[in-house]
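Colleague: What follows is work_38.tsv, made up of TSV, C-alpha atoms and all ligand atoms:
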chain	number	residue	atom	x	y	z
Q	1	MET	CA	169.39	-3.06	246.19
Q	2	GLY	CA	168.30	-2.64	242.56
Q	3	LEU	CA	170.36	-1.27	239.71
Q	4	PHE	CA	169.78	2.39	238.82
Q	5	ASN	CA	167.68	1.79	235.75
Q	6	VAL	CA	169.27	3.93	233.03
Q	7	TYR	CA	169.87	1.37	230.28
Q	8	PRO	CA	167.21	-0.20	228.02
Q	9	LEU	CA	168.55	-3.77	227.78
Q	10	PHE	CA	168.36	-6.56	225.24
Q	11	ASP	CA	167.50	-9.82	227.01
Q	12	ILE	CA	170.88	-11.41	226.22
Q	13	THR	CA	173.42	-12.42	228.86
Q	14	PRO	CA	176.92	-12.90	227.45
Q	15	VAL	CA	179.06	-15.17	229.59
Q	16	ARG	CA	182.13	-15.51	227.37
Q	17	ALA	CA	183.55	-14.08	224.17
Q	18	GLN	CA	186.23	-14.97	221.65
Q	19	ASP	CA	187.52	-12.69	218.90
Q	20	VAL	CA	184.36	-11.45	217.06
Q	21	TYR	CA	181.96	-13.83	218.80
Q	22	ILE	CA	179.98	-13.55	222.01
Q	23	TYR	CA	178.32	-16.54	223.72
Q	24	ASP	CA	175.27	-16.32	225.97
Q	25	LYS	CA	174.44	-18.46	228.99
Q	26	ASP	CA	172.82	-21.10	226.73
Q	27	ASP	CA	175.96	-21.12	224.54
Q	28	ASN	CA	174.25	-19.36	221.63
Q	29	GLU	CA	176.84	-17.68	219.40
Q	30	TYR	CA	176.47	-14.02	218.39
Q	31	LEU	CA	178.57	-12.23	215.77
Q	32	ASP	CA	179.72	-8.97	217.34
Q	33	LEU	CA	179.84	-6.20	214.71
Q	34	TYR	CA	179.38	-3.58	217.41
Q	35	GLY	CA	182.50	-4.28	219.49
Q	36	GLY	CA	180.72	-3.22	222.68
Q	37	HIS	CA	180.46	0.29	221.18
Q	38	ALA	CA	183.77	0.46	219.27
Q	39	VAL	CA	185.71	-0.77	222.29
Q	40	ILE	CA	186.91	-4.18	221.14
Q	41	SER	CA	189.89	-3.47	218.89
Q	42	ILE	CA	192.01	-6.65	218.87
Q	43	GLY	CA	189.20	-9.15	219.48
Q	44	HIS	CA	187.54	-10.44	222.63
Q	45	SER	CA	189.90	-12.39	224.93
Q	46	HIS	CA	192.86	-12.14	222.55
Q	47	PRO	CA	195.43	-14.68	223.89
Q	48	THR	CA	198.26	-12.09	224.10
Q	49	TYR	CA	195.99	-9.69	225.97
Q	50	VAL	CA	194.76	-12.37	228.38
Q	51	LYS	CA	198.26	-13.66	229.11
Q	52	ARG	CA	199.78	-10.23	229.66
Q	53	LEU	CA	196.96	-9.16	231.99
Q	54	SER	CA	197.06	-12.44	233.94
Q	55	ASP	CA	200.84	-12.20	234.32
Q	56	GLN	CA	200.56	-8.58	235.44
Q	57	LEU	CA	197.89	-9.49	238.01
Q	58	ASP	CA	200.37	-11.91	239.57
Q	59	LYS	CA	202.91	-9.08	239.89
Q	60	ILE	CA	201.16	-5.80	240.78
Q	61	ALA	CA	197.73	-4.60	239.64
Q	62	PHE	CA	197.65	-1.06	240.96
Q	63	TYR	CA	199.51	1.65	242.70
Q	64	SER	CA	198.74	5.35	242.61
Q	65	ASN	CA	200.56	8.01	240.57
Q	66	SER	CA	202.88	8.81	243.47
Q	67	ILE	CA	205.46	6.19	242.39
Q	68	GLN	CA	207.43	5.32	239.23
Q	69	ASN	CA	205.53	3.14	236.77
Q	70	PRO	CA	207.72	2.36	233.73
Q	71	LEU	CA	204.73	0.74	231.97
Q	72	GLN	CA	203.37	4.25	231.34
Q	73	GLN	CA	206.49	5.38	229.47
Q	74	GLN	CA	206.55	2.10	227.54
Q	75	MET	CA	203.00	2.87	226.44
Q	76	ALA	CA	203.84	6.45	225.46
Q	77	ASP	CA	206.82	5.22	223.39
Q	78	LYS	CA	204.79	2.57	221.57
Q	79	LEU	CA	201.93	5.02	221.00
Q	80	ALA	CA	204.24	7.61	219.46
Q	81	ARG	CA	205.85	5.01	217.20
Q	82	LEU	CA	202.60	3.46	215.96
Q	83	SER	CA	200.66	6.70	215.57
Q	84	GLY	CA	203.54	8.85	214.30
Q	85	CYS	CA	202.48	11.50	216.87
Q	86	HIS	CA	205.95	12.31	218.23
Q	87	ASP	CA	205.31	15.89	219.36
Q	88	TYR	CA	203.01	15.06	222.24
Q	89	ASP	CA	203.08	14.01	225.90
Q	90	LEU	CA	200.57	11.60	227.35
Q	91	PHE	CA	198.23	12.04	230.32
Q	92	LEU	CA	196.39	8.90	231.41
Q	93	CYS	CA	192.89	8.62	232.85
Q	94	ASN	CA	190.04	6.11	232.83
Q	95	SER	CA	187.39	6.84	230.20
Q	96	GLY	CA	186.48	8.85	227.11
Q	97	ALA	CA	184.54	11.47	229.05
Q	98	GLU	CA	187.45	11.94	231.42
Q	99	ALA	CA	189.85	12.24	228.49
Q	100	ASN	CA	187.72	15.07	227.03
Q	101	GLU	CA	187.19	16.65	230.44
Q	102	ASN	CA	190.96	16.83	230.94
Q	103	ALA	CA	191.59	18.05	227.38
Q	104	LEU	CA	189.06	20.88	227.87
Q	105	LYS	CA	190.67	21.78	231.19
Q	106	VAL	CA	194.15	21.87	229.65
Q	107	ALA	CA	192.89	24.13	226.84
Q	108	SER	CA	191.40	26.48	229.41
Q	109	PHE	CA	194.53	26.45	231.61
Q	110	ALA	CA	196.81	27.01	228.60
Q	111	THR	CA	194.88	29.94	227.12
Q	112	GLY	CA	193.37	31.44	230.29
Q	113	LYS	CA	190.01	31.48	228.49
Q	114	LYS	CA	186.77	29.62	229.08
Q	115	LYS	CA	184.32	29.44	226.17
Q	116	VAL	CA	184.25	26.35	223.94
Q	117	ILE	CA	183.11	25.88	220.34
Q	118	ALA	CA	181.49	22.49	219.68
Q	119	PHE	CA	179.42	21.08	216.82
Q	120	ASN	CA	175.82	20.05	216.27
Q	121	ASN	CA	175.30	16.31	216.75
Q	122	SER	CA	178.49	15.98	218.81
Q	123	PHE	CA	178.99	13.45	221.59
Q	124	HIS	CA	181.92	13.88	223.97
Q	125	GLY	CA	180.79	12.10	227.15
Q	126	ARG	CA	178.73	12.67	230.27
Q	127	THR	CA	180.96	14.44	232.81
Q	128	SER	CA	180.71	18.15	233.57
Q	129	ALA	CA	182.40	19.95	230.66
Q	130	ALA	CA	182.29	16.93	228.32
Q	131	VAL	CA	178.50	16.75	228.51
Q	132	ALA	CA	178.18	20.53	228.14
Q	133	VAL	CA	179.95	20.30	224.76
Q	134	THR	CA	177.72	17.36	223.77
Q	135	ASP	CA	174.75	18.28	221.59
Q	136	ASN	CA	172.04	16.53	223.56
Q	137	PRO	CA	170.10	18.76	226.00
Q	138	LYS	CA	168.42	15.68	227.51
Q	139	ILE	CA	171.65	14.55	229.18
Q	140	VAL	CA	172.82	18.01	230.29
Q	141	ALA	CA	171.82	18.63	233.94
Q	142	PRO	CA	171.37	22.20	235.21
Q	143	ILE	CA	174.73	21.93	237.01
Q	144	ASN	CA	176.46	21.34	233.61
Q	145	ALA	CA	174.62	24.12	231.83
Q	146	GLN	CA	176.83	26.82	233.35
Q	147	GLN	CA	179.60	26.06	230.81
Q	148	GLU	CA	179.75	28.58	227.98
Q	149	VAL	CA	179.49	26.59	224.77
Q	150	ILE	CA	178.74	27.80	221.25
Q	151	PHE	CA	177.43	25.08	218.94
Q	152	CYS	CA	178.11	25.44	215.20
Q	153	GLU	CA	176.97	23.41	212.21
Q	154	LEU	CA	179.68	20.91	211.20
Q	155	GLY	CA	181.43	22.36	208.15
Q	156	ASP	CA	180.19	25.94	208.65
Q	157	VAL	CA	183.41	27.99	208.77
Q	158	ASN	CA	181.55	31.31	208.97
Q	159	ALA	CA	179.72	30.16	212.11
Q	160	VAL	CA	183.04	29.14	213.70
Q	161	GLU	CA	184.61	32.49	212.79
Q	162	LYS	CA	181.66	34.39	214.23
Q	163	ALA	CA	181.83	32.35	217.44
Q	164	LEU	CA	185.58	33.02	217.77
Q	165	GLU	CA	184.96	36.74	217.33
Q	166	THR	CA	182.82	36.78	220.50
Q	167	GLY	CA	186.17	36.38	222.33
Q	168	ASP	CA	187.27	34.28	225.34
Q	169	VAL	CA	187.19	30.97	223.38
Q	170	CYS	CA	189.76	28.50	224.77
Q	171	CYS	CA	189.17	25.72	222.27
Q	172	ILE	CA	187.25	24.08	219.48
Q	173	ILE	CA	186.34	20.44	220.17
Q	174	ILE	CA	185.55	18.18	217.22
Q	175	GLU	CA	185.14	14.46	216.55
Q	176	THR	CA	187.00	13.78	213.30
Q	177	ILE	CA	184.18	11.39	212.44
Q	178	GLN	CA	181.07	11.79	214.58
Q	179	GLY	CA	180.22	8.54	216.36
Q	180	VAL	CA	176.96	8.74	218.28
Q	181	GLY	CA	175.83	11.59	215.99
Q	182	GLY	CA	175.83	9.31	212.93
Q	183	LEU	CA	179.22	9.18	211.17
Q	184	ASP	CA	179.34	12.65	209.61
Q	185	GLU	CA	182.81	14.01	208.84
Q	186	ALA	CA	184.01	17.50	207.95
Q	187	THR	CA	186.16	18.06	204.86
Q	188	THR	CA	189.93	18.56	204.79
Q	189	SER	CA	189.44	22.20	203.80
Q	190	PHE	CA	187.16	22.75	206.82
Q	191	PHE	CA	189.86	21.35	209.12
Q	192	ASP	CA	192.50	23.57	207.43
Q	193	LEU	CA	190.32	26.64	207.86
Q	194	ILE	CA	189.51	26.07	211.52
Q	195	VAL	CA	193.21	25.47	212.26
Q	196	THR	CA	194.06	28.84	210.67
Q	197	LEU	CA	191.24	30.56	212.55
Q	198	SER	CA	192.20	28.98	215.85
Q	199	ARG	CA	195.81	30.20	215.49
Q	200	LYS	CA	194.56	33.71	214.74
Q	201	HIS	CA	192.38	33.73	217.86
Q	202	ASN	CA	194.86	32.01	220.22
Q	203	CYS	CA	192.52	29.09	220.68
Q	204	LEU	CA	193.36	25.37	220.73
Q	205	ILE	CA	191.78	22.48	218.84
Q	206	ILE	CA	190.81	19.17	220.45
Q	207	ALA	CA	190.40	16.23	218.05
Q	208	ASP	CA	188.22	13.77	219.96
Q	209	GLU	CA	189.57	10.39	218.82
Q	210	VAL	CA	187.90	8.45	221.64
Q	211	GLN	CA	185.94	6.39	219.14
Q	212	SER	CA	187.79	6.88	215.86
Q	213	GLY	CA	191.33	6.33	217.23
Q	214	PHE	CA	193.50	3.27	217.71
Q	215	GLY	CA	193.35	2.07	214.12
Q	216	ARG	CA	189.56	1.91	213.80
Q	217	THR	CA	189.48	3.87	210.54
Q	218	GLY	CA	192.53	2.17	209.04
Q	219	ASP	CA	194.74	5.10	210.07
Q	220	PHE	CA	195.95	5.20	213.66
Q	221	PHE	CA	193.95	8.41	214.14
Q	222	ALA	CA	191.12	9.51	211.85
Q	223	PHE	CA	192.36	13.13	211.74
Q	224	GLN	CA	195.57	11.96	210.01
Q	225	LYS	CA	193.75	11.55	206.70
Q	226	HIS	CA	193.26	15.32	206.70
Q	227	LYS	CA	196.93	16.01	207.56
Q	228	TRP	CA	196.54	18.58	210.33
Q	229	THR	CA	197.97	18.79	213.83
Q	230	PRO	CA	195.53	18.95	216.75
Q	231	ASP	CA	196.68	20.51	220.02
Q	232	LEU	CA	194.99	17.84	222.13
Q	233	ILE	CA	193.90	14.29	221.24
Q	234	PRO	CA	191.62	12.50	223.71
Q	235	ILE	CA	191.68	8.69	223.39
Q	236	ALA	CA	189.85	5.78	225.08
Q	237	LYS	CA	187.59	3.01	223.69
Q	238	GLY	CA	189.80	0.78	221.48
Q	239	MET	CA	192.80	1.62	223.64
Q	240	GLY	CA	192.14	-1.01	226.31
Q	241	ASN	CA	190.10	-3.56	224.30
Q	242	GLY	CA	187.58	-3.50	227.15
Q	243	PHE	CA	189.84	-2.49	230.03
Q	244	PRO	CA	188.62	0.95	231.22
Q	245	VAL	CA	191.36	3.38	230.27
Q	246	GLY	CA	191.61	6.76	228.58
Q	247	GLY	CA	194.20	9.41	227.90
Q	248	VAL	CA	195.04	12.70	226.24
Q	249	LEU	CA	197.92	13.37	223.86
Q	250	ILE	CA	199.00	16.92	224.70
Q	251	HIS	CA	201.12	18.86	222.22
Q	252	HIS	CA	204.62	19.83	223.38
Q	253	ASP	CA	203.70	23.53	222.99
Q	254	ILE	CA	201.54	23.11	226.11
Q	255	LYS	CA	203.56	22.95	229.29
Q	256	ALA	CA	202.74	20.75	232.28
Q	257	SER	CA	203.00	21.80	235.91
Q	258	PHE	CA	202.72	19.67	239.06
Q	259	GLY	CA	199.12	19.28	240.15
Q	260	MET	CA	197.62	20.71	236.94
Q	261	LEU	CA	195.88	17.35	236.29
Q	262	GLY	CA	195.62	14.20	238.36
Q	263	THR	CA	193.78	10.93	238.96
Q	264	THR	CA	193.92	8.01	241.38
Q	265	PHE	CA	193.37	5.16	238.96
Q	266	GLY	CA	194.60	6.59	235.64
Q	267	GLY	CA	197.65	4.81	234.22
Q	268	ASN	CA	197.59	1.95	236.73
Q	269	HIS	CA	199.63	-1.18	236.05
Q	270	LEU	CA	196.77	-3.27	234.70
Q	271	ALA	CA	195.50	-0.49	232.43
Q	272	CYS	CA	198.98	0.07	231.00
Q	273	THR	CA	199.44	-3.66	230.45
Q	274	ALA	CA	196.14	-3.83	228.57
Q	275	VAL	CA	197.09	-0.90	226.32
Q	276	ASN	CA	200.61	-2.20	225.72
Q	277	ALA	CA	199.15	-5.55	224.66
Q	278	VAL	CA	196.66	-3.81	222.34
Q	279	LEU	CA	199.41	-1.75	220.69
Q	280	ASP	CA	201.65	-4.81	220.26
Q	281	VAL	CA	198.84	-6.82	218.66
Q	282	ILE	CA	197.81	-3.96	216.35
Q	283	GLU	CA	201.41	-3.85	215.15
Q	284	SER	CA	202.24	-7.57	214.99
Q	285	GLU	CA	198.96	-8.53	213.28
Q	286	ASN	CA	199.04	-5.53	210.96
Q	287	LEU	CA	195.50	-4.65	212.05
Q	288	MET	CA	195.34	-1.16	210.54
Q	289	GLN	CA	196.06	-2.54	207.07
Q	290	LYS	CA	193.60	-5.38	207.72
Q	291	ALA	CA	190.92	-2.87	208.76
Q	292	ASN	CA	191.41	-1.06	205.46
Q	293	ASP	CA	191.34	-4.24	203.38
Q	294	THR	CA	188.32	-5.73	205.14
Q	295	SER	CA	186.48	-2.44	204.85
Q	296	THR	CA	187.13	-2.24	201.09
Q	297	TYR	CA	185.86	-5.80	200.68
Q	298	PHE	CA	182.75	-5.09	202.77
Q	299	LEU	CA	181.89	-1.88	200.91
Q	300	ASP	CA	182.07	-3.83	197.69
Q	301	GLN	CA	179.75	-6.57	199.01
Q	302	ILE	CA	177.05	-4.17	200.19
Q	303	LYS	CA	176.98	-2.17	196.93
Q	304	GLU	CA	174.24	-4.42	195.57
Q	305	ILE	CA	171.90	-3.89	198.56
Q	306	LYS	CA	169.59	-1.28	197.12
Q	307	GLU	CA	167.93	-0.49	200.47
Q	308	ILE	CA	171.25	1.02	201.66
Q	309	LYS	CA	170.99	4.63	200.52
Q	310	ARG	CA	174.33	5.85	201.80
Q	311	VAL	CA	177.44	4.54	203.51
Q	312	LYS	CA	179.24	6.86	205.91
Q	313	GLY	CA	182.53	6.61	207.79
Q	314	ARG	CA	185.80	4.89	207.01
Q	315	GLY	CA	187.66	1.68	207.77
Q	316	LEU	CA	185.74	-0.25	210.41
Q	317	MET	CA	183.82	2.78	211.68
Q	318	LEU	CA	180.89	2.62	209.28
Q	319	GLY	CA	177.27	3.74	209.11
Q	320	LEU	CA	174.75	2.17	206.73
Q	321	GLU	CA	171.94	4.63	206.09
Q	322	PHE	CA	168.47	3.46	205.01
Q	323	ASP	CA	165.39	5.51	204.16
Q	324	PHE	CA	163.42	4.06	207.08
Q	325	PRO	CA	164.01	3.76	210.85
Q	326	ILE	CA	166.29	0.79	211.57
Q	327	ALA	CA	165.22	-0.03	215.15
Q	328	GLU	CA	163.18	-3.11	214.12
Q	329	LEU	CA	165.78	-4.25	211.58
Q	330	ARG	CA	168.51	-4.06	214.20
Q	331	LYS	CA	166.35	-5.96	216.66
Q	332	ASP	CA	165.73	-8.64	214.02
Q	333	LEU	CA	169.48	-8.90	213.36
Q	334	ILE	CA	170.21	-9.41	217.05
Q	335	LEU	CA	167.32	-11.65	218.07
Q	336	ASN	CA	166.81	-13.75	214.91
Q	337	HIS	CA	170.20	-13.68	213.18
Q	338	ARG	CA	172.34	-13.30	216.31
Q	339	ILE	CA	174.32	-10.37	215.00
Q	340	PHE	CA	175.12	-7.30	217.09
Q	341	THR	CA	175.19	-3.94	215.31
Q	342	GLY	CA	174.96	-0.39	216.68
Q	343	ASN	CA	172.52	2.49	216.36
Q	344	SER	CA	173.05	6.26	216.49
Q	345	LYS	CA	171.22	9.56	216.87
Q	346	ASN	CA	170.26	9.20	213.19
Q	347	PRO	CA	167.27	6.79	213.42
Q	348	ASN	CA	167.91	5.46	209.88
Q	349	LEU	CA	171.52	4.45	210.42
Q	350	ILE	CA	173.04	1.12	211.48
Q	351	ARG	CA	176.55	1.33	212.86
Q	352	ILE	CA	179.22	-1.28	212.11
Q	353	LEU	CA	182.08	-1.13	214.63
Q	354	PRO	CA	183.64	-4.61	214.82
Q	355	SER	CA	187.00	-5.68	216.17
Q	356	LEU	CA	189.80	-4.87	213.70
Q	357	THR	CA	190.34	-8.64	213.48
Q	358	VAL	CA	187.00	-9.18	211.70
Q	359	GLN	CA	187.38	-11.26	208.53
Q	360	GLN	CA	185.69	-11.35	205.15
Q	361	HIS	CA	183.65	-14.47	205.97
Q	362	HIS	CA	182.19	-12.79	209.08
Q	363	LEU	CA	181.04	-9.89	206.93
Q	364	ASP	CA	179.69	-12.27	204.27
Q	365	HIS	CA	177.57	-13.81	207.01
Q	366	PHE	CA	176.28	-10.36	207.96
Q	367	VAL	CA	175.49	-9.43	204.34
Q	368	THR	CA	173.46	-12.65	203.89
Q	369	ALA	CA	171.58	-12.04	207.15
Q	370	LEU	CA	170.95	-8.39	206.29
Q	371	LYS	CA	169.50	-9.34	202.90
Q	372	LYS	CA	167.21	-11.90	204.57
Q	373	ALA	CA	166.14	-9.41	207.25
Q	374	LEU	CA	165.40	-6.77	204.61
Q	375	LYS	CA	163.34	-9.29	202.64
Q	376	THR	CA	161.21	-10.32	205.62
Q	377	ARG	CA	160.73	-6.64	206.45
Q	378	THR	CA	159.21	-5.90	203.05
Q	379	SER	CA	157.26	-9.16	202.56
F	1	LIG	C1	183.62	10.48	220.42
F	1	LIG	C2	183.35	10.10	221.84
F	1	LIG	N1	183.89	10.85	222.83
F	1	LIG	C3	183.69	10.55	224.11
F	1	LIG	C4	182.92	9.47	224.50
F	1	LIG	C5	182.71	9.14	225.95
F	1	LIG	O1	183.42	8.01	226.32
F	1	LIG	P1	183.09	7.23	227.67
F	1	LIG	O2	181.76	6.58	227.50
F	1	LIG	O3	184.23	6.26	227.81
F	1	LIG	O4	183.08	8.23	228.77
F	1	LIG	C6	182.35	8.66	223.51
F	1	LIG	C7	181.49	7.50	223.87
F	1	LIG	O5	180.72	6.99	223.10
F	1	LIG	C8	182.56	9.01	222.14
F	1	LIG	O6	182.02	8.27	221.15
Taking this structure as input, can you express it in the form of structure tokens?
Ligand SMILES: Cc1ncc(COP(=O)(O)O)c(C=O)c1O
Modeller:
Amino acid sequence: MGLFNVYPLFDITPVRAQDVYIYDKDDNEYLDLYGGHAVISIGHSHPTYVKRLSDQLDKIAFYSNSIQNPLQQQMADKLARLSGCHDYDLFLCNSGAEANENALKVASFATGKKKVIAFNNSFHGRTSAAVAVTDNPKIVAPINAQQEVIFCELGDVNAVEKALETGDVCCIIIETIQGVGGLDEATTSFFDLIVTLSRKHNCLIIADEVQSGFGRTGDFFAFQKHKWTPDLIPIAKGMGNGFPVGGVLIHHDIKASFGMLGTTFGGNHLACTAVNAVLDVIESENLMQKANDTSTYFLDQIKEIKEIKRVKGRGLMLGLEFDFPIAELRKDLILNHRIFTGNSKNPNLIRILPSLTVQQHHLDHFVTALKKALKTRTS
């Protein structure tokens, strides 16, 4: 049997990883500034994470959601304390798409309505409703196209108001900072205005923090910089540091009922152990502050690179925009300098999404390599 061939692959086979480094089968070392797509938050194979997961495996790895699992409440308590989001309950699932799928469902259940407002360049995942609110027709199958979604330009309040006036809108879904779309972010006043509009039209707001959450931007959640209160907050990526896990923070105003949501694997013992270890390490190693400090240092170092026309994003969720397509540059960085970076829908933008444990000297190494790569490109 072959593998369903949906991924264009680099010819690199990682066999082990440590903190911000990945090692291939010939023991070549790669600097990972991509974090496996913003997933690695506390570093590859962090000793606390490895020990906790190994210990948990010796006890119990999984049982379904038909029994008591105190690890889930432990996670919810830690999450509330670290994020400051005390007015929410937590529903656990397995991925970012599932987190958004459940958030959209809850918004529809809670309001009894079915249309959704989403934004141009959004990415929310590949399951039924999540892909329908994603701005990429190529990945929307006919079966997904039945969802009623109105796409608006990010930042265009009039467009949002007009869409709400069509009626039957259950929610607005927005990435605080767009990930796959290329690191664009709406202003605080835009968030304030859509909150006011949503209240007026009895519609909820979902802040998709799947990529920007768990300390990546230097705040626990990226929306917190804008000081507003989402109704639903889907989370995933950095949450499990590689263990597949997702969840939704659901505001206390929304009431649960038995059977409203459910999953076999969500919130299993191993997943909870992974997340509890991640939260403990973020706190004990002060990783949000470190993300801020390292980011400030990095932004200062890249100021002198004249080929970088714009820097987008915050903390360790950054996009470096050039005035040429970066595909070859990125390939050069991986194959010749052994540095992983990310790309996005914007062909001119390199994404930097390292573990929050990344240090100044790692970024110095990247800056030197980038300068060399840019030189060979122009010579
Ligand atoms: C903002 C955002 N939401 C949702 C998703 C989907 O997450 P997953 O791939 O875990 O389903 C992603 C993945 O890149 C994302 O960046």
Colleague: Could you give me, as CSV, every chain Q residue with an atom at most 8 Å from ligand LIG 1 (chain F), plus its closest atom pair and distance in Å to one decimal, counting all atoms listed in the file, rows ordered by chain then number?
Modeller:
residue,atom,partner,partner_atom,distance
Q:His37,CA,F:LIG1,O5,7.0
Q:Asn94,CA,F:LIG1,O3,7.7
Q:Ser95,CA,F:LIG1,O3,4.0
Q:Gly96,CA,F:LIG1,O1,3.3
Q:Ala97,CA,F:LIG1,O4,3.6
Q:Glu98,CA,F:LIG1,O4,6.3
Q:Ala99,CA,F:LIG1,C3,7.7
Q:Asn100,CA,F:LIG1,C3,6.7
Q:Ser122,CA,F:LIG1,C1,7.7
Q:Phe123,CA,F:LIG1,C2,5.5
Q:His124,CA,F:LIG1,C3,3.8
Q:Gly125,CA,F:LIG1,C5,3.7
Q:Arg126,CA,F:LIG1,O4,6.4
Q:Thr127,CA,F:LIG1,O4,7.7
Q:Ala130,CA,F:LIG1,C3,7.8
Q:Glu175,CA,F:LIG1,C1,5.8
Q:Gln178,CA,F:LIG1,C1,6.5
Q:Gly179,CA,F:LIG1,O6,5.1
Q:Val180,CA,F:LIG1,O6,5.8
Q:Asp208,CA,F:LIG1,C1,5.7
Q:Glu209,CA,F:LIG1,C1,6.2
Q:Val210,CA,F:LIG1,N1,4.8
Q:Gln211,CA,F:LIG1,O6,4.8
Q:Ser212,CA,F:LIG1,C1,7.2
Q:Pro234,CA,F:LIG1,N1,8.0
Q:Ala236,CA,F:LIG1,O3,6.3
Q:Lys237,CA,F:LIG1,O3,6.2
Q:Pro244,CA,F:LIG1,O3,7.7
Q:Gly246,CA,F:LIG1,O3,7.4
Colleague: Using only C-alpha atoms for the distances, tell me which of Q:Met317, Q:Leu183, Q:Ser355, Q:Val367 is nearest to Val20 of chain Q.
Modeller: Q:Ser355
Colleague: Quick one: of Q:Gly213, Q:Pro230, Q:Gly155, Q:Gly319, who's nearest to Leu279 of chain Q, counting only C-alpha atoms?
Modeller: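 Looking only at the distances to Leu279 of chain Q, the closest residue turns out to be Q:Gly213.
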Colleague: Against segment 51-54 of chain Q, which residues of segment 277-373 of chain Q fall within 12 Å? For each one I want the closest pair of atoms and the distance in Å (one decimal), counting all atoms listed in the file, rows by chain and increasing residue number, as a tab-separated table.
Modeller:
residue	atom	partner	partner_atom	distance
Q:Ala277	CA	Q:Arg52	CA	6.9
Q:Val278	CA	Q:Arg52	CA	10.2
Q:Asp280	CA	Q:Arg52	CA	11.0
Q:Val281	CA	Q:Arg52	CA	11.6
Colleague: Find the residues around Leu104 of chain Q up to 9 Å (only C-alpha atoms counted), leave out those fewer than 6 positions away in its own chain, and share them as a PyMOL selection string.
Modeller: chain Q and resi 116+129-130+170-171+173+206+232
Colleague: Taking all atoms listed in the file into account, name the residue in Q:Asp19, Q:Cys203, Q:Phe258, Q:Thr217 that is nearest to Val50 of chain Q.
Modeller: Q:Asp19
Colleague: Can you pull out every residue within 12 Å of Ser66 of chain Q, counting only C-alpha atoms, but drop anything in the same chain fewer than 5 positions away, and send it as a PyMOL selection string?
Modeller: chain Q and resi 258-259+262-268
Colleague: Rounded to one decimal in Å, what is the spacing between atom CA of Asn28 of chain Q and atom CA of Asp332 of chain Q?
Modeller: 15.7 Å
Colleague: How many Å separate atom CA of Ile339 of chain Q from atom CA of Phe322 of chain Q?
Modeller: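 Rounded to one decimal, the two atoms are 18.0 Å apart.
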Colleague: Rank nothing, just name the residue among Q:Pro47, Q:Pro354, Q:Pro137, Q:Pro14 nearest to Arg216 of chain Q, using all atoms listed in the file.
Modeller: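 Closest to Arg216 of chain Q, using all atoms listed in the file: Q:Pro354.
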Colleague: Find, counting only C-alpha atoms, the residue in Q:Val149, Q:Ile67, Q:Leu320, Q:Ile177 that gets nearest to Phe223 of chain Q.
Modeller: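 Nearest candidate to Phe223 of chain Q out of Q:Val149, Q:Ile67, Q:Leu320, Q:Ile177: Q:Ile177.
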Colleague: Could you check which of Q:Lys371, Q:Lys200, Q:Arg351, Q:His362 is closest to Gly36 of chain Q, using all atoms listed in the file?
Modeller: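 For Gly36 of chain Q, the nearest of the given residues is Q:Arg351.
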Colleague: Can you pull out every residue within 12 Å of Asp11 of chain Q, counting only C-alpha atoms, but drop anything in the same chain fewer than 4 positions away, and send it as a ChimeraX atom specification?
Modeller: /Q:7,24-25,331,334-335
Colleague: Just the number, please: distance in Å from atom CA of Ile326 of chain Q to atom CA of Lys309 of chain Q, one decimal.
Modeller: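 Answer for the atom CA of Ile326 of chain Q to atom CA of Lys309 of chain Q separation: 12.6 Å.
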Colleague: Could you list, as a VMD selection string, every residue within 12 Å of Gln56 of chain Q, counting all atoms listed in the file and ignoring same-chain residues fewer than 6 positions away?
Modeller: chain Q and resid 49 to 50 62 71 268 to 274 276 to 277
